[in-house]
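Q: Got protein-v9.csv for you, CSV, C-alpha atoms and all ligand atoms:
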chain,number,residue,atom,x,y,z
F,1,MET,CA,-15.0,25.0,-1.0
F,2,ARG,CA,-12.0,24.6,-3.4
F,3,LYS,CA,-11.7,24.9,-7.2
F,4,ILE,CA,-8.9,22.7,-8.5
F,5,SER,CA,-7.5,22.6,-12.0
F,6,ALA,CA,-4.7,20.9,-13.9
F,7,ASP,CA,-3.5,20.3,-17.5
F,8,TYR,CA,-5.9,17.4,-17.7
F,9,ILE,CA,-8.6,15.9,-15.4
F,10,PHE,CA,-9.3,12.2,-15.9
F,11,PRO,CA,-12.7,11.7,-14.3
F,12,ILE,CA,-12.6,8.0,-15.5
F,13,SER,CA,-16.4,7.9,-15.7
F,14,SER,CA,-16.1,10.2,-18.8
F,15,PRO,CA,-13.4,11.2,-21.2
F,16,PRO,CA,-10.4,13.3,-20.0
F,17,ILE,CA,-10.9,17.1,-19.9
F,18,LYS,CA,-8.2,19.5,-21.0
F,19,ASN,CA,-7.6,22.3,-18.5
F,20,GLY,CA,-10.5,20.9,-16.5
F,21,VAL,CA,-11.8,22.4,-13.2
F,22,VAL,CA,-13.3,20.4,-10.4
F,23,THR,CA,-15.1,21.9,-7.4
F,24,VAL,CA,-15.0,20.1,-4.0
F,25,ASP,CA,-16.5,21.0,-0.7
F,26,ASP,CA,-14.6,21.1,2.7
F,27,ASP,CA,-15.2,17.4,3.2
F,28,GLY,CA,-13.7,16.5,-0.2
F,29,VAL,CA,-17.1,15.7,-1.8
F,30,ILE,CA,-17.3,16.7,-5.5
F,31,VAL,CA,-19.7,19.6,-5.8
F,32,THR,CA,-19.7,19.8,-9.6
F,33,SER,CA,-18.3,17.3,-12.0
F,34,PRO,CA,-15.2,18.5,-13.9
F,35,VAL,CA,-15.8,21.1,-16.6
F,36,PRO,CA,-13.4,23.0,-19.0
F,37,PHE,CA,-11.7,26.1,-17.5
F,38,ALA,CA,-13.9,29.2,-18.2
F,39,GLU,CA,-12.3,32.5,-19.0
F,40,ASN,CA,-13.7,34.4,-16.0
F,41,GLU,CA,-13.1,31.6,-13.5
F,42,LYS,CA,-11.8,32.9,-10.2
F,43,ASP,CA,-10.0,31.5,-7.2
F,44,VAL,CA,-8.8,28.4,-8.9
F,45,GLU,CA,-5.8,26.4,-7.7
F,46,ILE,CA,-3.9,25.4,-10.8
F,47,PHE,CA,-1.6,22.4,-10.9
F,48,SER,CA,0.7,21.1,-13.6
F,49,GLY,CA,0.0,17.5,-14.5
F,50,ILE,CA,-3.0,15.1,-14.6
F,51,ILE,CA,-5.7,14.8,-11.9
F,52,CYS,CA,-7.3,11.4,-11.4
F,53,PRO,CA,-9.4,9.8,-8.6
F,54,GLY,CA,-7.7,8.3,-5.5
F,55,PHE,CA,-6.2,4.8,-6.2
F,56,VAL,CA,-7.8,1.6,-5.0
F,57,ASN,CA,-5.4,-1.2,-4.1
F,58,THR,CA,-7.4,-4.4,-4.4
F,59,HIS,CA,-4.8,-6.8,-3.1
F,60,CYS,CA,-2.5,-6.3,-0.1
F,61,HIS,CA,-1.4,-8.2,3.0
F,62,LEU,CA,-0.8,-5.3,5.4
F,63,GLU,CA,0.0,-7.9,8.1
F,64,LEU,CA,3.2,-8.9,6.3
F,65,SER,CA,4.7,-5.4,6.2
F,66,HIS,CA,7.5,-6.3,8.6
F,67,LEU,CA,8.9,-8.7,6.0
F,68,LYS,CA,10.1,-5.9,3.7
F,69,ASN,CA,13.5,-6.9,2.2
F,70,LYS,CA,13.4,-10.2,4.2
F,71,VAL,CA,12.4,-12.7,1.5
F,72,SER,CA,14.7,-13.4,-1.5
F,73,GLU,CA,13.7,-12.2,-4.9
F,74,ASN,CA,13.2,-14.5,-8.0
F,75,LYS,CA,13.0,-17.8,-6.0
F,76,GLY,CA,9.7,-18.8,-7.6
F,77,MET,CA,6.4,-19.4,-5.7
F,78,ALA,CA,7.6,-22.6,-3.9
F,79,GLY,CA,10.7,-20.9,-2.7
F,80,PHE,CA,8.8,-17.8,-1.6
F,81,ILE,CA,6.2,-19.8,0.4
F,82,THR,CA,9.0,-21.8,2.1
F,83,GLU,CA,10.9,-18.7,3.1
F,84,LEU,CA,7.8,-16.8,4.2
F,85,ILE,CA,6.6,-19.5,6.5
F,86,GLY,CA,10.1,-19.7,8.0
F,87,LYS,CA,10.4,-16.0,8.7
F,88,ARG,CA,7.0,-14.5,9.3
F,89,ASN,CA,6.7,-15.2,13.0
F,90,ASN,CA,10.3,-14.2,14.1
F,91,PHE,CA,9.3,-10.7,15.0
F,92,SER,CA,8.0,-8.9,18.1
F,93,GLU,CA,4.4,-7.6,18.2
F,94,GLU,CA,5.8,-4.1,18.6
F,95,GLU,CA,7.8,-4.4,15.4
F,96,ILE,CA,4.9,-5.9,13.5
F,97,GLN,CA,2.6,-3.0,14.6
F,98,LYS,CA,5.2,-0.3,13.8
F,99,ASN,CA,5.6,-1.7,10.3
F,100,ILE,CA,1.8,-2.0,9.7
F,101,GLU,CA,1.4,1.7,10.6
F,102,SER,CA,4.3,2.9,8.4
F,103,ALA,CA,3.1,0.8,5.5
F,104,GLU,CA,-0.4,2.4,5.8
F,105,GLN,CA,1.2,5.8,5.8
F,106,GLU,CA,3.2,4.9,2.7
F,107,MET,CA,-0.1,3.9,0.9
F,108,ILE,CA,-1.7,7.2,1.9
F,109,ARG,CA,1.3,9.2,0.6
F,110,ASN,CA,1.1,7.3,-2.6
F,111,GLY,CA,-2.6,8.4,-3.2
F,112,ILE,CA,-4.3,5.1,-2.1
F,113,VAL,CA,-7.7,5.7,-0.6
F,114,ALA,CA,-9.1,2.1,-0.3
F,115,VAL,CA,-7.6,-1.3,0.1
F,116,GLY,CA,-8.8,-4.9,-0.3
F,117,ASP,CA,-6.6,-6.4,2.4
F,118,ILE,CA,-6.0,-10.1,3.3
F,119,SER,CA,-5.9,-11.0,7.0
F,120,ASN,CA,-4.8,-14.4,8.4
F,121,ASN,CA,-4.7,-12.9,11.9
F,122,ASN,CA,-5.8,-9.9,13.9
F,123,SER,CA,-2.6,-7.8,13.7
F,124,THR,CA,-4.0,-5.1,11.4
F,125,PHE,CA,-7.4,-4.7,13.0
F,126,LYS,CA,-6.5,-1.9,15.3
F,127,GLN,CA,-4.8,0.1,12.5
F,128,LYS,CA,-7.8,-0.5,10.2
F,129,SER,CA,-10.2,0.7,12.9
F,130,LYS,CA,-8.6,4.2,12.8
F,131,GLY,CA,-10.3,4.8,9.5
F,132,ASN,CA,-7.3,6.4,7.7
F,133,ILE,CA,-8.0,4.3,4.6
F,134,VAL,CA,-11.2,2.4,3.8
F,135,TYR,CA,-10.7,-1.3,3.9
F,136,HIS,CA,-12.5,-4.4,2.9
F,137,THR,CA,-10.8,-7.2,4.8
F,138,PHE,CA,-10.7,-10.7,3.3
F,139,ILE,CA,-10.4,-13.1,6.2
F,140,GLU,CA,-8.3,-15.7,4.5
F,141,ILE,CA,-8.6,-19.3,5.4
F,142,PHE,CA,-7.0,-22.5,4.2
F,143,SER,CA,-6.7,-26.2,5.1
F,144,LEU,CA,-6.2,-29.1,2.7
F,145,ASP,CA,-7.5,-31.6,5.3
F,146,ALA,CA,-11.2,-32.0,4.8
F,147,SER,CA,-11.6,-33.3,8.4
F,148,LYS,CA,-10.5,-29.8,9.5
F,149,ALA,CA,-12.7,-27.8,7.2
F,150,LYS,CA,-15.3,-26.9,9.9
F,151,GLU,CA,-12.6,-25.9,12.3
F,152,ALA,CA,-10.8,-23.7,9.8
F,153,PHE,CA,-14.1,-22.0,8.8
F,154,LYS,CA,-15.0,-21.5,12.5
F,155,ASN,CA,-11.7,-19.8,13.1
F,156,GLY,CA,-12.4,-17.4,10.2
F,157,LYS,CA,-15.8,-16.6,11.8
F,158,ILE,CA,-14.1,-15.8,15.1
F,159,LEU,CA,-11.6,-13.6,13.4
F,160,SER,CA,-14.3,-11.7,11.6
F,161,GLN,CA,-16.1,-11.1,14.8
F,162,GLU,CA,-13.0,-9.7,16.3
F,163,LEU,CA,-12.6,-7.3,13.3
F,164,LYS,CA,-16.2,-6.0,14.0
F,165,THR,CA,-15.6,-5.6,17.7
F,166,THR,CA,-12.3,-3.8,17.2
F,167,ALA,CA,-14.0,-1.4,14.7
F,168,GLN,CA,-16.8,-0.7,17.2
F,169,GLN,CA,-14.3,0.2,20.0
F,170,HIS,CA,-12.6,2.8,17.8
F,171,THR,CA,-15.5,4.5,16.1
F,172,ASN,CA,-15.3,8.3,16.2
F,173,SER,CA,-16.9,11.1,14.3
F,174,HIS,CA,-13.9,11.8,12.1
F,175,SER,CA,-13.5,8.4,10.6
F,176,PRO,CA,-15.7,6.3,8.2
F,177,SER,CA,-18.7,4.5,9.7
F,178,GLN,CA,-18.2,1.4,11.7
F,179,LYS,CA,-19.8,-0.6,9.0
F,180,GLU,CA,-17.3,0.5,6.5
F,181,LYS,CA,-14.4,-0.1,8.8
F,182,SER,CA,-15.5,-3.7,9.4
F,183,GLN,CA,-16.5,-4.6,5.8
F,184,TYR,CA,-15.2,-8.2,5.3
F,185,SER,CA,-15.8,-11.5,3.8
F,186,ILE,CA,-14.3,-15.0,4.5
F,187,SER,CA,-12.2,-15.9,1.5
F,188,PRO,CA,-10.1,-18.9,0.3
F,189,HIS,CA,-6.3,-18.5,0.0
F,190,ALA,CA,-5.6,-20.3,-3.2
F,191,PRO,CA,-6.9,-23.3,-5.2
F,192,TYR,CA,-4.1,-25.6,-3.9
F,193,THR,CA,-4.5,-24.9,-0.2
F,194,LEU,CA,-8.2,-25.8,0.5
F,195,SER,CA,-10.2,-29.0,0.6
F,196,LEU,CA,-13.5,-29.1,-1.4
F,197,ASP,CA,-15.4,-29.2,1.9
F,198,LEU,CA,-13.8,-25.9,2.9
F,199,LEU,CA,-14.5,-24.3,-0.5
F,200,ASN,CA,-18.1,-25.4,-0.1
F,201,LEU,CA,-18.4,-23.8,3.4
F,202,ILE,CA,-17.0,-20.5,2.0
F,203,ASN,CA,-19.3,-20.6,-1.0
F,204,GLU,CA,-22.4,-21.3,1.2
F,205,GLU,CA,-21.6,-18.3,3.4
F,206,ALA,CA,-21.0,-16.1,0.3
F,207,LYS,CA,-24.4,-17.1,-1.0
F,208,ILE,CA,-26.2,-16.3,2.2
F,209,LYS,CA,-24.5,-13.0,2.7
F,210,ASN,CA,-24.3,-12.1,-1.0
F,211,SER,CA,-20.6,-11.3,-0.5
F,212,ILE,CA,-17.6,-10.8,-2.6
F,213,LEU,CA,-14.6,-13.2,-2.6
F,214,THR,CA,-11.0,-13.1,-3.6
F,215,ILE,CA,-8.6,-15.9,-4.4
F,216,HIS,CA,-4.9,-16.1,-5.5
F,217,ASN,CA,-5.0,-17.6,-8.9
F,218,GLN,CA,-2.3,-19.2,-11.2
F,219,GLU,CA,0.5,-17.3,-9.7
F,220,SER,CA,3.0,-20.0,-10.8
F,221,GLU,CA,3.2,-22.7,-13.3
F,222,GLY,CA,3.5,-25.3,-10.5
F,223,GLU,CA,0.0,-24.5,-9.5
F,224,ASN,CA,-1.5,-25.8,-12.7
F,225,LEU,CA,0.8,-28.8,-12.8
F,226,LEU,CA,-0.2,-29.8,-9.3
F,227,PHE,CA,-3.9,-30.0,-10.4
F,228,GLU,CA,-3.2,-31.5,-13.8
F,229,LYS,CA,-0.8,-34.3,-12.8
F,230,ASN,CA,0.2,-34.0,-9.1
F,231,GLU,CA,3.6,-33.0,-10.3
F,232,GLY,CA,5.9,-30.0,-10.3
F,233,ILE,CA,7.8,-27.8,-7.9
F,234,LEU,CA,4.8,-26.7,-5.8
F,235,PHE,CA,3.7,-30.4,-5.4
F,236,ASP,CA,7.2,-31.4,-4.4
F,237,THR,CA,7.5,-28.6,-1.9
F,238,PHE,CA,4.3,-29.6,-0.2
F,239,ILE,CA,5.4,-33.2,0.0
F,240,LYS,CA,8.7,-32.0,1.6
F,241,MET,CA,6.6,-30.0,4.1
F,242,GLY,CA,4.9,-33.2,5.1
F,243,ILE,CA,1.5,-32.7,3.4
F,244,LYS,CA,0.0,-36.1,2.5
F,245,PRO,CA,-0.2,-36.5,-1.3
F,246,GLU,CA,-3.7,-37.9,-1.1
F,247,LEU,CA,-4.9,-34.5,0.3
F,248,MET,CA,-3.7,-32.7,-2.9
F,249,HIS,CA,-6.1,-32.3,-5.7
F,250,LYS,CA,-5.6,-34.2,-9.0
F,251,THR,CA,-8.3,-33.3,-11.4
F,252,GLY,CA,-6.6,-33.4,-14.8
F,253,LYS,CA,-7.7,-29.8,-15.3
F,254,ASN,CA,-5.8,-26.7,-14.4
F,255,ALA,CA,-6.1,-24.8,-11.0
F,256,LEU,CA,-8.7,-22.3,-12.2
F,257,LYS,CA,-11.0,-24.8,-13.9
F,258,SER,CA,-10.8,-27.0,-10.9
F,259,THR,CA,-11.8,-24.3,-8.4
F,260,LEU,CA,-14.2,-21.8,-10.0
F,261,PRO,CA,-17.2,-24.2,-10.0
F,262,PHE,CA,-17.0,-24.5,-6.2
F,263,LEU,CA,-17.3,-20.7,-5.7
F,264,LYS,CA,-20.2,-20.2,-8.1
F,265,ASP,CA,-22.5,-18.4,-5.6
F,266,ALA,CA,-20.4,-15.5,-4.7
F,267,LYS,CA,-21.7,-12.1,-5.7
F,268,LYS,CA,-18.3,-11.2,-7.3
F,269,ILE,CA,-14.9,-13.0,-7.4
F,270,LEU,CA,-11.5,-11.3,-7.7
F,271,PHE,CA,-8.9,-13.6,-9.2
F,272,VAL,CA,-5.5,-12.3,-8.0
F,273,HIS,CA,-2.2,-12.5,-10.1
F,274,ASN,CA,-3.3,-14.6,-13.1
F,275,THR,CA,0.2,-14.8,-14.3
F,276,PHE,CA,-0.3,-18.2,-16.0
F,277,THR,CA,-3.9,-17.6,-17.0
F,278,SER,CA,-4.5,-18.3,-20.7
F,279,LYS,CA,-7.0,-17.0,-23.2
F,280,GLU,CA,-8.8,-20.4,-23.0
F,281,ASP,CA,-9.1,-19.9,-19.2
F,282,ILE,CA,-10.7,-16.5,-19.7
F,283,LYS,CA,-13.2,-18.0,-22.2
F,284,PHE,CA,-13.9,-20.7,-19.7
F,285,ILE,CA,-14.7,-18.1,-17.0
F,286,GLN,CA,-16.9,-16.1,-19.4
F,287,SER,CA,-19.0,-19.1,-20.4
F,288,PHE,CA,-19.2,-20.2,-16.8
F,289,ILE,CA,-20.4,-16.9,-15.5
F,290,ALA,CA,-22.9,-16.6,-18.3
F,291,ASN,CA,-24.8,-19.4,-16.5
F,292,HIS,CA,-24.3,-18.0,-13.0
F,293,GLN,CA,-24.9,-14.8,-11.1
F,294,SER,CA,-21.3,-13.9,-10.2
F,295,SER,CA,-19.2,-11.3,-11.9
F,296,ILE,CA,-15.5,-11.8,-12.2
F,297,TYR,CA,-12.6,-9.3,-11.8
F,298,PHE,CA,-8.9,-9.9,-12.3
F,299,CYS,CA,-6.4,-8.2,-10.0
F,300,THR,CA,-2.9,-7.8,-11.3
F,301,CYS,CA,0.1,-7.3,-9.0
F,302,PRO,CA,3.0,-6.9,-11.5
F,303,ASN,CA,5.8,-5.9,-9.2
F,304,ALA,CA,5.1,-9.0,-6.9
F,305,ASN,CA,5.0,-11.2,-10.0
F,306,ILE,CA,8.5,-9.8,-11.0
F,307,TYR,CA,9.7,-10.2,-7.4
F,308,ILE,CA,8.7,-13.8,-7.1
F,309,GLU,CA,8.4,-15.4,-10.6
F,310,ASN,CA,10.0,-12.7,-12.9
F,311,LYS,CA,7.0,-13.0,-15.3
F,312,LEU,CA,4.0,-10.8,-16.0
F,313,PRO,CA,0.5,-11.7,-17.0
F,314,ASN,CA,-0.4,-11.6,-20.7
F,315,TYR,CA,-2.4,-8.3,-20.4
F,316,PRO,CA,-3.5,-8.1,-24.1
F,317,ILE,CA,-5.6,-11.3,-23.8
F,318,PHE,CA,-7.5,-9.8,-20.8
F,319,ILE,CA,-8.0,-6.5,-22.7
F,320,GLU,CA,-9.1,-8.3,-25.8
F,321,GLN,CA,-11.8,-10.2,-23.8
F,322,ASN,CA,-13.0,-7.0,-22.1
F,323,CYS,CA,-12.1,-8.3,-18.6
F,324,ASN,CA,-12.6,-6.2,-15.5
F,325,ILE,CA,-9.0,-5.6,-14.4
F,326,THR,CA,-7.9,-4.1,-11.0
F,327,ILE,CA,-4.5,-3.4,-9.6
F,328,GLY,CA,-2.9,-4.6,-6.3
F,329,THR,CA,0.4,-4.1,-4.6
F,330,ASP,CA,0.5,-7.5,-2.8
F,331,SER,CA,2.6,-7.2,0.4
F,332,LEU,CA,5.9,-5.8,1.3
F,333,ALA,CA,7.1,-9.4,1.6
F,334,SER,CA,7.1,-9.5,-2.2
F,335,ASN,CA,7.3,-5.9,-3.3
F,336,TRP,CA,9.6,-2.9,-2.9
F,337,SER,CA,6.8,-0.4,-2.3
F,338,LEU,CA,3.0,-0.1,-1.7
F,339,SER,CA,2.3,2.1,-4.6
F,340,ILE,CA,-0.3,1.7,-7.4
F,341,LEU,CA,1.7,4.2,-9.5
F,342,ASP,CA,4.8,1.9,-9.2
F,343,GLU,CA,2.6,-1.0,-10.5
F,344,ILE,CA,1.4,1.1,-13.4
F,345,LYS,CA,5.0,2.1,-14.2
F,346,THR,CA,5.9,-1.6,-14.5
F,347,ILE,CA,2.9,-2.4,-16.8
F,348,SER,CA,3.6,0.7,-18.9
F,349,LYS,CA,7.3,-0.3,-19.3
F,350,HIS,CA,6.5,-3.7,-20.6
F,351,PHE,CA,3.2,-2.9,-22.4
F,352,PRO,CA,3.6,0.7,-23.6
F,353,GLU,CA,0.6,0.2,-26.0
F,354,ILE,CA,-1.9,0.2,-23.0
F,355,LYS,CA,-3.5,3.6,-22.8
F,356,LEU,CA,-3.3,5.8,-19.8
F,357,ASN,CA,-7.1,6.0,-19.4
F,358,THR,CA,-7.3,2.2,-19.4
F,359,LEU,CA,-4.5,1.9,-16.7
F,360,LEU,CA,-6.2,4.6,-14.5
F,361,THR,CA,-9.5,2.8,-14.9
F,362,TRP,CA,-7.9,-0.4,-13.5
F,363,ALA,CA,-6.3,1.7,-10.7
F,364,THR,CA,-9.5,3.5,-9.6
F,365,LYS,CA,-13.0,2.8,-10.9
F,366,ASN,CA,-12.7,-1.0,-11.3
F,367,GLY,CA,-11.4,-1.6,-7.9
F,368,ALA,CA,-14.0,0.7,-6.2
F,369,GLU,CA,-16.7,-1.1,-8.1
F,370,PHE,CA,-15.4,-4.6,-7.1
F,371,LEU,CA,-15.1,-3.6,-3.4
F,372,ASP,CA,-18.6,-1.9,-3.5
F,373,PHE,CA,-17.1,1.4,-2.5
F,374,ASN,CA,-19.5,3.4,-4.5
F,375,HIS,CA,-18.3,6.8,-3.3
F,376,LEU,CA,-14.9,6.2,-4.7
F,377,GLY,CA,-13.3,5.5,-8.1
F,378,THR,CA,-14.5,8.3,-10.3
F,379,ILE,CA,-14.6,12.1,-10.2
F,380,GLU,CA,-18.4,12.7,-10.3
F,381,LYS,CA,-20.8,15.0,-8.5
F,382,GLY,CA,-21.7,13.6,-5.0
F,383,LYS,CA,-18.7,11.2,-4.8
F,384,LYS,CA,-15.7,11.6,-2.5
F,385,PRO,CA,-13.0,9.8,-4.4
F,386,GLY,CA,-9.9,11.6,-3.2
F,387,LEU,CA,-7.8,13.4,-5.9
F,388,ASN,CA,-4.3,12.5,-7.1
F,389,LEU,CA,-2.0,14.7,-9.2
F,390,LEU,CA,0.2,12.8,-11.5
F,391,THR,CA,3.3,14.9,-12.4
F,392,ASN,CA,5.8,14.5,-15.2
F,393,VAL,CA,3.5,12.6,-17.6
F,394,ASP,CA,4.8,13.3,-21.1
F,395,LYS,CA,2.2,12.7,-23.9
F,396,PHE,CA,0.0,10.6,-21.6
F,397,LYS,CA,2.8,8.2,-20.9
F,398,ILE,CA,3.7,7.1,-17.4
F,399,SER,CA,7.4,6.8,-17.0
F,400,GLU,CA,10.1,6.3,-14.3
F,401,ILE,CA,10.0,10.0,-13.5
F,402,THR,CA,6.2,10.2,-13.1
F,403,GLY,CA,5.2,11.1,-9.5
F,404,VAL,CA,2.0,11.2,-7.5
F,405,LEU,CA,0.9,13.9,-5.2
F,406,LYS,CA,-2.2,13.4,-3.0
F,407,LEU,CA,-4.3,16.6,-3.3
F,408,LEU,CA,-7.3,15.3,-1.3
V,501,ZN,ZN,-1.3,-12.2,-2.1
Let me see whether you can do it: turn the structure in this file into C-alpha cells.
Ligand SMILES: [Zn+2]

A:
Amino acid sequence: MRKISADYIFPISSPPIKNGVVTVDDDGVIVTSPVPFAENEKDVEIFSGIICPGFVNTHCHLELSHLKNKVSENKGMAGFITELIGKRNNFSEEEIQKNIESAEQEMIRNGIVAVGDISNNNSTFKQKSKGNIVYHTFIEIFSLDASKAKEAFKNGKILSQELKTTAQQHTNSHSPSQKEKSQYSISPHAPYTLSLDLLNLINEEAKIKNSILTIHNQESEGENLLFEKNEGILFDTFIKMGIKPELMHKTGKNALKSTLPFLKDAKKILFVHNTFTSKEDIKFIQSFIANHQSSIYFCTCPNANIYIENKLPNYPIFIEQNCNITIGTDSLASNWSLSILDEIKTISKHFPEIKLNTLLTWATKNGAEFLDFNHLGTIEKGKKPGLNLLTNVDKFKISEITGVLKLL
C-alpha cells in the first residue's frame, strides 16, 4: 500500500485537487480516490508537480520504429508515402525487432500505459504478447482494386488469427489477460486506399463483432482534392505509382463525406489526424451519427502533422463542437519521439488558450474510453490507471521544460 501526494492531483473524472493524496495497493489499483491532504496524514510520499493518470496513445505504428530519422521532414503526404514505401523493407528482421522493443521502452518511460497500434504485418506481435503495455491492434488493410477486396480482407483475418495465437503462446501470470493482449479489429487505412467493396466488408465485420474502427482522415489537402476532382498531388503520385485512374474515387465530395457512410455500423470510429477537417465536416459527422449508433472520436498527432505537412488541425473548432479528442504519436517514421507529453507541448505552444485539464483529458480518459480500456484513464477507486508525475508545470502551463516521471 502506498500513499502518494503532489502539489496537485488531476483525477480527470473530477476537478483537480490541491495537495491531493491518493492511496494505491501493491498492484497499483486505486484504493481510495484522491482526497485533500489531512493534517495528521502519515507515511505519505510527497512529490513536487502534478499527478495525472497514465497516458493513452491512440495512434501508433510500432512496426515502423526502425524508420526513425530515415524519412525526410516537410515533404508533404505524397512525398512521405513515396519515401516510406521505398525504405520500409530495407532492414533485417533483427533490426526491426530491436527497434520495436526500444520504442516500446521509450513509451513506457514517457508514461504511456496503453496504445491503439496499427499493424500491417506480424512484426510487433511478439513484443505485444509480453504485456508490458496494453494494446488494441488495428489490423490495417487496403486495396483500391475491388476485385481484390475479398483477398485483402482474408489476409486481415489471417493476421488477426496470428495475433491471437502469439498472445496465447506468451500468456503468463504477470501480464494482462490473453484477451487484452489480443484485442483487435480489422480497420481501413485511409479513405483513398480502399475500394467500396473492401469498406463494406470491414463495416459488415464491425457490425457483427460490435467493434471499434480507426481510419486516417484528411491528413493532407491532396486527399480532399482526389475525391472532389481526381486532381492534386496525391492523385498525381498514385498515377505515377501505376494505379489506374478509374480505381480512384471521384465523388464530388471531400474524403470524409465520401467515406463515413460506408462505416456506419462500427461501434465507435476514431478519425486520425483531421488536419484539413473543417467545421462543416464536424457538423456533417454530428448530423450523421445522430441517425446511427456509432460514436466518433478524433485523434490528433500534432508532431507528425508538423513533420509531414507542417500544419496543425484547427483545434478550437473541435472544442467548440464538443468533440471527443484523443492524442496519438503516430510512428517514429514521422515523429522525433513517442511521447504524449511532447504532443501536448506542441499543442500548448500553438494554442496556449487550451486548458491543462482539457489536454490531459484528451491524453488519458478519452483514449481509454475509445479503446474500451475501462480500468485506465482516470484516478478513481478500483481503477488501475498508472500514475504520471508532471514536473516543471508553471501556473498549469505545459512548456518545453515540463517533464514526465512514471510513478506507477
Ligand atoms: Zn498513422

Q: Which is closest to ligand ZN 501 (chain V) among F:Gly116, F:Gly403, F:Gly252, F:Pro313, if we use only C-alpha atoms and all ligand atoms?

A: F:Gly116

Q: For segment 366-382 of chain F, work out the shell of residues within 8 Å, counting all atoms listed in the file and skipping chain neighbours fewer than 6 positions away, then give it as a PDB file with C-alpha atoms, in the frame of the given file.

A:
ATOM      1  CA  PHE F  10      -9.300  12.200 -15.900  1.00  0.00           C
ATOM      2  CA  PRO F  11     -12.700  11.700 -14.300  1.00  0.00           C
ATOM      3  CA  ILE F  12     -12.600   8.000 -15.500  1.00  0.00           C
ATOM      4  CA  SER F  13     -16.400   7.900 -15.700  1.00  0.00           C
ATOM      5  CA  VAL F  29     -17.100  15.700  -1.800  1.00  0.00           C
ATOM      6  CA  ILE F  30     -17.300  16.700  -5.500  1.00  0.00           C
ATOM      7  CA  VAL F  31     -19.700  19.600  -5.800  1.00  0.00           C
ATOM      8  CA  THR F  32     -19.700  19.800  -9.600  1.00  0.00           C
ATOM      9  CA  SER F  33     -18.300  17.300 -12.000  1.00  0.00           C
ATOM     10  CA  PRO F  34     -15.200  18.500 -13.900  1.00  0.00           C
ATOM     11  CA  CYS F  52      -7.300  11.400 -11.400  1.00  0.00           C
ATOM     12  CA  PRO F  53      -9.400   9.800  -8.600  1.00  0.00           C
ATOM     13  CA  GLY F  54      -7.700   8.300  -5.500  1.00  0.00           C
ATOM     14  CA  PHE F  55      -6.200   4.800  -6.200  1.00  0.00           C
ATOM     15  CA  VAL F  56      -7.800   1.600  -5.000  1.00  0.00           C
ATOM     16  CA  ASN F  57      -5.400  -1.200  -4.100  1.00  0.00           C
ATOM     17  CA  THR F  58      -7.400  -4.400  -4.400  1.00  0.00           C
ATOM     18  CA  ALA F 114      -9.100   2.100  -0.300  1.00  0.00           C
ATOM     19  CA  GLY F 116      -8.800  -4.900  -0.300  1.00  0.00           C
ATOM     20  CA  HIS F 136     -12.500  -4.400   2.900  1.00  0.00           C
ATOM     21  CA  ILE F 212     -17.600 -10.800  -2.600  1.00  0.00           C
ATOM     22  CA  LYS F 268     -18.300 -11.200  -7.300  1.00  0.00           C
ATOM     23  CA  LEU F 270     -11.500 -11.300  -7.700  1.00  0.00           C
ATOM     24  CA  TYR F 297     -12.600  -9.300 -11.800  1.00  0.00           C
ATOM     25  CA  ASN F 324     -12.600  -6.200 -15.500  1.00  0.00           C
ATOM     26  CA  ILE F 325      -9.000  -5.600 -14.400  1.00  0.00           C
ATOM     27  CA  THR F 326      -7.900  -4.100 -11.000  1.00  0.00           C
ATOM     28  CA  ILE F 327      -4.500  -3.400  -9.600  1.00  0.00           C
TER      29      ILE F 327
END

Q: Determine the nearest neighbour of Gly111 of chain F from the options F:Thr402, F:Asn74, F:Asn388, F:Ser143, counting all atoms listed in the file.

A: F:Asn388

Q: Name all residues at most 7 Å from Ile186 of chain F (count all atoms listed in the file; drop same-chain ones fewer than 3 positions away) and give them as a CSV table (one decimal) with C-alpha atoms, keeping the file's coordinate frame.

A:
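And here is the file that came out, around-v5.csv:
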chain,number,residue,atom,x,y,z
F,138,PHE,CA,-10.7,-10.7,3.3
F,139,ILE,CA,-10.4,-13.1,6.2
F,140,GLU,CA,-8.3,-15.7,4.5
F,156,GLY,CA,-12.4,-17.4,10.2
F,202,ILE,CA,-17.0,-20.5,2.0

Q: Select the residues contacting ligand ZN 501 (chain V) at a distance of at most 10 Å, based on all atoms listed in the file, then format the selection as a PyMOL selection string.

A: chain F and resi 59-61+117-118+189-190+214-217+219+272-273+301+304+328-331+333-334

Q: Compare F:Lys395, F:Lys209, F:Lys128, F:Lys229 by their minimum atom-to-atom distance to Ser185 of chain F, counting all atoms listed in the file, and give me the closest one.

A: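 Of all the options, F:Lys209 lies closest to Ser185 of chain F.
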
Q: Please measure the separation of atom CA of Phe271 of chain F and atom CA of Phe238 of chain F, giving the value in Å to one decimal.

A: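 One can read the atom CA of Phe271 of chain F to atom CA of Phe238 of chain F distance as 22.6 Å.
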
Q: Kindly indicate which residue among F:Ile243, F:Ile81, F:Ile46, F:Ile344 lies nearest to Ser220 of chain F, using all atoms listed in the file for the distances.

A: F:Ile81

Q: Got a sec: who's within 10 Å of Ile108 of chain F, counting all atoms listed in the file, leaving out chain neighbours fewer than 5 positions off, as an MDAnalysis selection string?

A: chainID F and resid 54:55 102:103 113:114 132:133 338:339 406

Q: Interatomic distance between atom CA of Lys345 of chain F and atom CA of Phe47 of chain F?

A: 21.6 Å

Q: May I have the protein, DNA and RNA residues with any atom at most 8 Å from the point (0.5, 10.9, -14.0), counting all atoms listed in the file, written as a PyMOL selection string?

A: chain F and resi 49-51+389-393+396-398+402-404

Q: Near Phe235 of chain F, within 9 Å and counting all atoms listed in the file, which residues show up once chain neighbours fewer than 6 positions away are dropped, as a list in words?

A: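 The contact residues come out as Ala78, Gly222, Glu223, Leu225, Leu226, Pro245 and Met248 of chain F.
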
Q: So, counting all atoms listed in the file, which residue among F:Gln218, F:Ser92, F:Ser195, F:Thr23 is closest to Ala149 of chain F?

A: F:Ser195

Q: Around (12.3, -4.3, 5.2) in the file's frame, which residues reach within 12 Å when counting only C-alpha atoms? Return as a list in words?

A: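 Those residues, ordered by chain and then number, are Leu64, Ser65, His66, Leu67, Lys68, Asn69, Lys70, Val71, Ser72, Glu95, Ile96, Lys98, Asn99, Ile100, Ser102, Ala103, Ser331, Leu332, Ala333, Ser334, Asn335, Trp336 and Ser337 of chain F.
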